[in-house]
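To start, the structure itself, in structure tokens.
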Amino acid sequence: DTLDAFIRGLPKAELHLHIEGSLEPELMFALAQRNRIDLPFQSVEEIRAAYAFSNLQDFLDIYYQGAGVLQTEEDFQDLTIAYFRRLKADGGVHAEIFYDPQTHTDRGLPFSVAADGILAGMKQAEDELGITSRLIMSYLRHLSEEAAFETLRQAEPYLDRFVGVGLDSGEVGHPPSKFANVMKASRERGLLINAHAGEEGPPAYVYEALDILGVDRIDHGNRALEDQALTRRLVDMGITLTVCPLSNLSLCVVKDLKEHPMKRMLDLGLKATCNSDDPAYFGGYVGDNYIRTAEAVGLTRDDLATLAKNSFSGSFLPAADKARHI
Ligand code: HPA
Ligand code: ZN
């Protein structure tokens, strides 16, 4: 209908996307066959049926298992270009995507396999689809800070091709402060700083992301709304939040999409953006996130345009490129 057409016609950037989370069951099956890997599922339908999560950890267990079919550079390139084709259909023109090096190096792949494959897919997306992108490597927060330092060492030859670092995986019990030193070292190497905070973790973790890590963006940030002073600070600082409504619904961060805080965030003056997180697992790409959220909480066309504008102003593009898109 017309809202759908309006949203898909709105040029937008996606700022919160885990490339491993764009692995559709069909491609998972195809790669399992290509690499002769046994999956504990007999069909695509059986895989989809397993995607009923009650919290973040439930999801992470199945997401790390799914990533096991990714073995070669070609696999990572195929994964990446498939995502960009979906983004193109949703009116996306730019993306800043996360990947988790440790998910792959910990199962024996050389650091270069995922990095080279994803970067090749990004190049292909620019050449064939005209979509620009940047790559962010995320540290797994359930692992040690020393393991993150080892990842930063392995990344050394790639640092000119990474725009930043992120912090993801199980949040509760693994506060941002656990990674203070490696994030400082990452910043000193020219990388911008992201952290998932306030998805399941308390407002205190958002404070730590700001005060201890000095983040350039907050991923999710929902629970910051529980603290008025923190909310005001995020507004005053103009910090971009990469919000993911269908992820929040799938992982029970909200009980119903009608209760999603996206409208409230915009009304408070927070720089919220709308993103898909792990679209193959959460039931929709960036366009669906805009549409279903708009329908559920009553976003106006002005709100939707603001979300799209925020996706460029909050991006890591140079100022001239931001201006060109806004
Ligand atoms: N939260 C934390 N870790 C993740 C997520 C998320 O939403 N998606 C992929 N890794
Ligand atoms: Zn995420």
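Quick note on naming: the chains in the structure tokens go A, B, ... in the order shown, residues restart at 1 in each chain, and ligands are numbered from 1 in order of appearance.
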
Expected selection as a PyMOL selection string for ligand 1 within 9 Å, only C-alpha atoms and all ligand atoms: chain A and resi 16-21+56-57+59-60+63-64+98-100+138+140-141+167-171+196-197+199-200+219-220+244+247-248+251+277-278

Given the selection you just returned, output its residues as a file containing C-alpha atoms, formatted as a PDB file, in the first residue's frame.
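result_27.pdb, freshly written:
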ATOM      1  CA  HIS A  16      22.735  -2.085  13.279  1.00  0.00           C
ATOM      2  CA  LEU A  17      23.066  -5.317  11.354  1.00  0.00           C
ATOM      3  CA  HIS A  18      25.044  -8.428  12.274  1.00  0.00           C
ATOM      4  CA  ILE A  19      25.959 -10.032   8.973  1.00  0.00           C
ATOM      5  CA  GLU A  20      25.844 -13.509  10.559  1.00  0.00           C
ATOM      6  CA  GLY A  21      22.264 -12.675  11.539  1.00  0.00           C
ATOM      7  CA  LEU A  56      18.809 -12.891  24.119  1.00  0.00           C
ATOM      8  CA  GLN A  57      20.720 -16.010  25.209  1.00  0.00           C
ATOM      9  CA  PHE A  59      18.758 -16.582  20.342  1.00  0.00           C
ATOM     10  CA  LEU A  60      22.546 -16.445  20.688  1.00  0.00           C
ATOM     11  CA  TYR A  63      22.765 -17.996  16.064  1.00  0.00           C
ATOM     12  CA  TYR A  64      26.300 -19.176  16.906  1.00  0.00           C
ATOM     13  CA  PHE A  98      28.899  -5.807  12.366  1.00  0.00           C
ATOM     14  CA  TYR A  99      30.609  -9.138  12.310  1.00  0.00           C
ATOM     15  CA  ASP A 100      31.969 -11.258  15.137  1.00  0.00           C
ATOM     16  CA  SER A 138      32.524  -6.711  17.417  1.00  0.00           C
ATOM     17  CA  LEU A 140      32.111 -10.965  22.157  1.00  0.00           C
ATOM     18  CA  ARG A 141      31.443  -9.729  25.662  1.00  0.00           C
ATOM     19  CA  LEU A 167      30.546  -5.001  21.786  1.00  0.00           C
ATOM     20  CA  ASP A 168      27.863  -7.678  21.514  1.00  0.00           C
ATOM     21  CA  SER A 169      26.641 -11.103  22.741  1.00  0.00           C
ATOM     22  CA  GLY A 170      25.184 -11.774  26.211  1.00  0.00           C
ATOM     23  CA  GLU A 171      24.901  -8.434  27.971  1.00  0.00           C
ATOM     24  CA  HIS A 196      25.276  -2.804  22.711  1.00  0.00           C
ATOM     25  CA  ALA A 197      23.873  -1.392  25.948  1.00  0.00           C
ATOM     26  CA  GLU A 199      19.006  -4.123  25.504  1.00  0.00           C
ATOM     27  CA  GLU A 200      18.686  -6.475  28.495  1.00  0.00           C
ATOM     28  CA  ASP A 219      23.275  -0.081  20.023  1.00  0.00           C
ATOM     29  CA  HIS A 220      19.698  -0.590  21.288  1.00  0.00           C
ATOM     30  CA  CYS A 244      15.838  -2.678  16.454  1.00  0.00           C
ATOM     31  CA  SER A 247      14.577  -7.827  17.430  1.00  0.00           C
ATOM     32  CA  ASN A 248      13.132  -6.343  20.624  1.00  0.00           C
ATOM     33  CA  LEU A 251      13.786 -11.397  22.208  1.00  0.00           C
ATOM     34  CA  ASP A 277      19.792  -6.481  13.955  1.00  0.00           C
ATOM     35  CA  ASP A 278      19.516 -10.128  12.795  1.00  0.00           C
TER      36      ASP A 278
END

Determine which residues of segment 167-243 of chain A receive a DSSP assignment of alpha helix (DSSP H), computed from the backbone, and state them as a PyMOL selection string. chain A and resi 180-188+203-208+228-237

Using only C-alpha atoms, which protein or nucleic acid residues come within 9 Å of segment 262-271 of chain A? Drop anything in the same chain fewer than 5 positions from it, and give the result as a PDB file with N, CA and C atoms, in the first residue's frame.
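Dumped to out09.pdb:
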ATOM      1  N   ASN A 222      17.407   0.758  24.758  1.00  0.00           N
ATOM      2  CA  ASN A 222      16.019   0.853  25.233  1.00  0.00           C
ATOM      3  C   ASN A 222      15.897   1.197  26.718  1.00  0.00           C
ATOM      4  N   LEU A 225      15.673   4.603  28.883  1.00  0.00           N
ATOM      5  CA  LEU A 225      14.436   5.354  29.153  1.00  0.00           C
ATOM      6  C   LEU A 225      13.957   5.207  30.585  1.00  0.00           C
ATOM      7  N   THR A 231      18.441   9.764  30.014  1.00  0.00           N
ATOM      8  CA  THR A 231      17.749  10.102  28.771  1.00  0.00           C
ATOM      9  C   THR A 231      18.096  11.526  28.349  1.00  0.00           C
ATOM     10  N   ARG A 232      18.053  12.442  29.315  1.00  0.00           N
ATOM     11  CA  ARG A 232      18.365  13.836  29.011  1.00  0.00           C
ATOM     12  C   ARG A 232      19.807  13.959  28.501  1.00  0.00           C
ATOM     13  N   LEU A 234      21.567  11.698  26.901  1.00  0.00           N
ATOM     14  CA  LEU A 234      21.648  11.166  25.531  1.00  0.00           C
ATOM     15  C   LEU A 234      21.097  12.182  24.538  1.00  0.00           C
ATOM     16  N   VAL A 235      20.029  12.868  24.933  1.00  0.00           N
ATOM     17  CA  VAL A 235      19.457  13.913  24.069  1.00  0.00           C
ATOM     18  C   VAL A 235      20.471  15.049  23.909  1.00  0.00           C
ATOM     19  N   ASP A 236      21.007  15.520  25.037  1.00  0.00           N
ATOM     20  CA  ASP A 236      21.927  16.672  24.999  1.00  0.00           C
ATOM     21  C   ASP A 236      23.191  16.354  24.203  1.00  0.00           C
ATOM     22  N   GLY A 238      23.343  14.251  21.816  1.00  0.00           N
ATOM     23  CA  GLY A 238      23.002  13.900  20.435  1.00  0.00           C
ATOM     24  C   GLY A 238      23.516  12.527  20.041  1.00  0.00           C
ATOM     25  N   ILE A 239      23.579  11.636  21.028  1.00  0.00           N
ATOM     26  CA  ILE A 239      24.067  10.270  20.754  1.00  0.00           C
ATOM     27  C   ILE A 239      23.041   9.487  19.938  1.00  0.00           C
ATOM     28  N   THR A 240      23.494   8.854  18.887  1.00  0.00           N
ATOM     29  CA  THR A 240      22.608   8.032  18.061  1.00  0.00           C
ATOM     30  C   THR A 240      22.372   6.680  18.719  1.00  0.00           C
ATOM     31  N   LEU A 241      21.094   6.285  18.769  1.00  0.00           N
ATOM     32  CA  LEU A 241      20.721   4.951  19.233  1.00  0.00           C
ATOM     33  C   LEU A 241      20.321   4.118  18.023  1.00  0.00           C
ATOM     34  N   THR A 242      20.910   2.939  17.898  1.00  0.00           N
ATOM     35  CA  THR A 242      20.514   2.052  16.800  1.00  0.00           C
ATOM     36  C   THR A 242      19.489   1.060  17.339  1.00  0.00           C
ATOM     37  N   VAL A 243      18.236   1.425  17.193  1.00  0.00           N
ATOM     38  CA  VAL A 243      17.123   0.673  17.775  1.00  0.00           C
ATOM     39  C   VAL A 243      16.645  -0.390  16.779  1.00  0.00           C
ATOM     40  N   PRO A 245      13.385  -2.706  16.433  1.00  0.00           N
ATOM     41  CA  PRO A 245      12.073  -3.084  16.980  1.00  0.00           C
ATOM     42  C   PRO A 245      11.714  -4.569  16.849  1.00  0.00           C
ATOM     43  N   THR A 293       6.704  -1.113  12.771  1.00  0.00           N
ATOM     44  CA  THR A 293       6.758  -0.193  13.908  1.00  0.00           C
ATOM     45  C   THR A 293       5.818   0.991  13.677  1.00  0.00           C
ATOM     46  N   ALA A 294       5.818   1.501  12.451  1.00  0.00           N
ATOM     47  CA  ALA A 294       4.923   2.619  12.117  1.00  0.00           C
ATOM     48  C   ALA A 294       3.478   2.232  12.392  1.00  0.00           C
ATOM     49  N   VAL A 297       2.948   1.620  16.504  1.00  0.00           N
ATOM     50  CA  VAL A 297       2.986   2.740  17.467  1.00  0.00           C
ATOM     51  C   VAL A 297       2.569   4.069  16.842  1.00  0.00           C
ATOM     52  N   GLY A 298       2.153   4.036  15.584  1.00  0.00           N
ATOM     53  CA  GLY A 298       1.625   5.247  14.960  1.00  0.00           C
ATOM     54  C   GLY A 298       2.685   6.273  14.608  1.00  0.00           C
ATOM     55  N   LEU A 299       3.744   5.838  13.938  1.00  0.00           N
ATOM     56  CA  LEU A 299       4.736   6.805  13.451  1.00  0.00           C
ATOM     57  C   LEU A 299       4.143   7.556  12.270  1.00  0.00           C
ATOM     58  N   ASP A 303       7.895  11.349  11.255  1.00  0.00           N
ATOM     59  CA  ASP A 303       8.711  10.477  12.119  1.00  0.00           C
ATOM     60  C   ASP A 303       9.585   9.553  11.269  1.00  0.00           C
ATOM     61  N   THR A 306      12.355  11.366   9.791  1.00  0.00           N
ATOM     62  CA  THR A 306      13.356  11.655  10.831  1.00  0.00           C
ATOM     63  C   THR A 306      14.243  10.432  11.068  1.00  0.00           C
ATOM     64  N   LEU A 307      13.628   9.252  11.133  1.00  0.00           N
ATOM     65  CA  LEU A 307      14.428   8.028  11.319  1.00  0.00           C
ATOM     66  C   LEU A 307      15.437   7.867  10.185  1.00  0.00           C
ATOM     67  N   ASN A 310      18.129  10.492  10.583  1.00  0.00           N
ATOM     68  CA  ASN A 310      19.029  10.116  11.678  1.00  0.00           C
ATOM     69  C   ASN A 310      20.000   9.008  11.261  1.00  0.00           C
ATOM     70  N   SER A 311      19.552   8.143  10.334  1.00  0.00           N
ATOM     71  CA  SER A 311      20.428   7.032   9.922  1.00  0.00           C
ATOM     72  C   SER A 311      21.647   7.555   9.165  1.00  0.00           C
ATOM     73  N   GLY A 314      23.731   9.931  11.911  1.00  0.00           N
ATOM     74  CA  GLY A 314      24.386   9.070  12.906  1.00  0.00           C
ATOM     75  C   GLY A 314      25.370   8.088  12.312  1.00  0.00           C
TER      76      GLY A 314
END

Exercise: Asp4 of chain A partners within 12 Å, only C-alpha atoms, chain neighbours under 5 positions left out, as number ranges by chain: A: 9-10, 89-91, 287-295, 301, 304

Tell me which protein, DNA and RNA residues are within 10 Å of segment 28-35 of chain A, counting only C-alpha atoms, leaving out same-chain ones fewer than 5 positions away, and put them as a PyMOL selection string. chain A and resi 23+41-44+47+66-72+75+78-79

Output file for the selection above: C-alpha atoms, as a JSON list (two decimals), in the first residue's frame:
[["chain", "number", "residue", "atom", "x", "y", "z"],
["A", 23, "LEU", "CA", 21.89, -15.97, 7.22],
["A", 41, "PHE", "CA", 17.41, -29.75, 11.20],
["A", 42, "GLN", "CA", 15.78, -31.68, 8.34],
["A", 43, "SER", "CA", 14.15, -28.73, 6.57],
["A", 44, "VAL", "CA", 13.96, -24.98, 6.24],
["A", 47, "ILE", "CA", 14.83, -24.26, 11.21],
["A", 66, "GLY", "CA", 23.99, -21.42, 12.49],
["A", 67, "ALA", "CA", 27.23, -19.54, 11.79],
["A", 68, "GLY", "CA", 29.05, -22.89, 11.76],
["A", 69, "VAL", "CA", 28.08, -23.48, 8.11],
["A", 70, "LEU", "CA", 30.23, -20.49, 7.07],
["A", 71, "GLN", "CA", 33.58, -22.00, 6.10],
["A", 72, "THR", "CA", 35.13, -20.21, 3.12],
["A", 75, "ASP", "CA", 30.49, -18.41, 1.85],
["A", 78, "ASP", "CA", 27.55, -14.99, -0.67],
["A", 79, "LEU", "CA", 26.08, -14.17, 2.76]]

Between A:Ala180, A:Glu96, A:Glu26, A:Ala114, which residue has the minimum interatomic distance to ligand 2, considering only C-alpha atoms and all ligand atoms? A:Glu96

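Ranking A:Ala147, A:Ile193, A:Ala296, A:Ile218 by their shortest atom-to-atom distance to ligand 2, with only C-alpha atoms and all ligand atoms included, puts A:Ile218 first.
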
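Once Glu226 of chain A and its same-chain neighbours fewer than 3 positions away are set aside, Gly198, Pro202, Pro203, Asn222, Arg223, Ala229, Leu230 and Thr231 of chain A remain within 10 Å of it when counting only C-alpha atoms.
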
Separation of atom CA of Leu159 of chain A and atom CA of Gly214 of chain A, in Å?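 Going from atom CA of Leu159 of chain A over to atom CA of Gly214 of chain A covers 19.5 Å.
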
Spatial neighbours of Leu249 of chain A, max dist 9 Å, only C-alpha atoms, sep filter under 6 positions, as a ChimeraX atom specification: /A:255-257,260,282

I need the chosen residues saved as a PDB file, in the first residue's frame, with N, CA and C atoms.
ATOM      1  N   LYS A 255       6.885  -6.761  25.057  1.00  0.00           N
ATOM      2  CA  LYS A 255       5.912  -7.870  24.981  1.00  0.00           C
ATOM      3  C   LYS A 255       5.105  -7.809  23.695  1.00  0.00           C
ATOM      4  N   ASP A 256       4.880  -6.589  23.231  1.00  0.00           N
ATOM      5  CA  ASP A 256       4.039  -6.372  22.055  1.00  0.00           C
ATOM      6  C   ASP A 256       4.661  -5.198  21.304  1.00  0.00           C
ATOM      7  N   LEU A 257       4.614  -5.215  19.992  1.00  0.00           N
ATOM      8  CA  LEU A 257       5.205  -4.112  19.236  1.00  0.00           C
ATOM      9  C   LEU A 257       4.497  -2.790  19.560  1.00  0.00           C
ATOM     10  N   HIS A 260       6.339  -0.763  21.936  1.00  0.00           N
ATOM     11  CA  HIS A 260       7.719  -0.372  21.605  1.00  0.00           C
ATOM     12  C   HIS A 260       7.934   1.123  21.821  1.00  0.00           C
ATOM     13  N   PHE A 282      14.790 -12.667  13.082  1.00  0.00           N
ATOM     14  CA  PHE A 282      13.778 -11.858  13.772  1.00  0.00           C
ATOM     15  C   PHE A 282      12.599 -11.480  12.884  1.00  0.00           C
TER      16      PHE A 282
END

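A straight line drawn from atom CA of Phe179 of chain A to atom CA of Glu146 of chain A is 9.1 Å long.
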
Using only C-alpha atoms and all ligand atoms, the residue out of A:Val182, A:Ala5, A:Leu246, A:Val93 with shortest distance to ligand 2 is A:Leu246
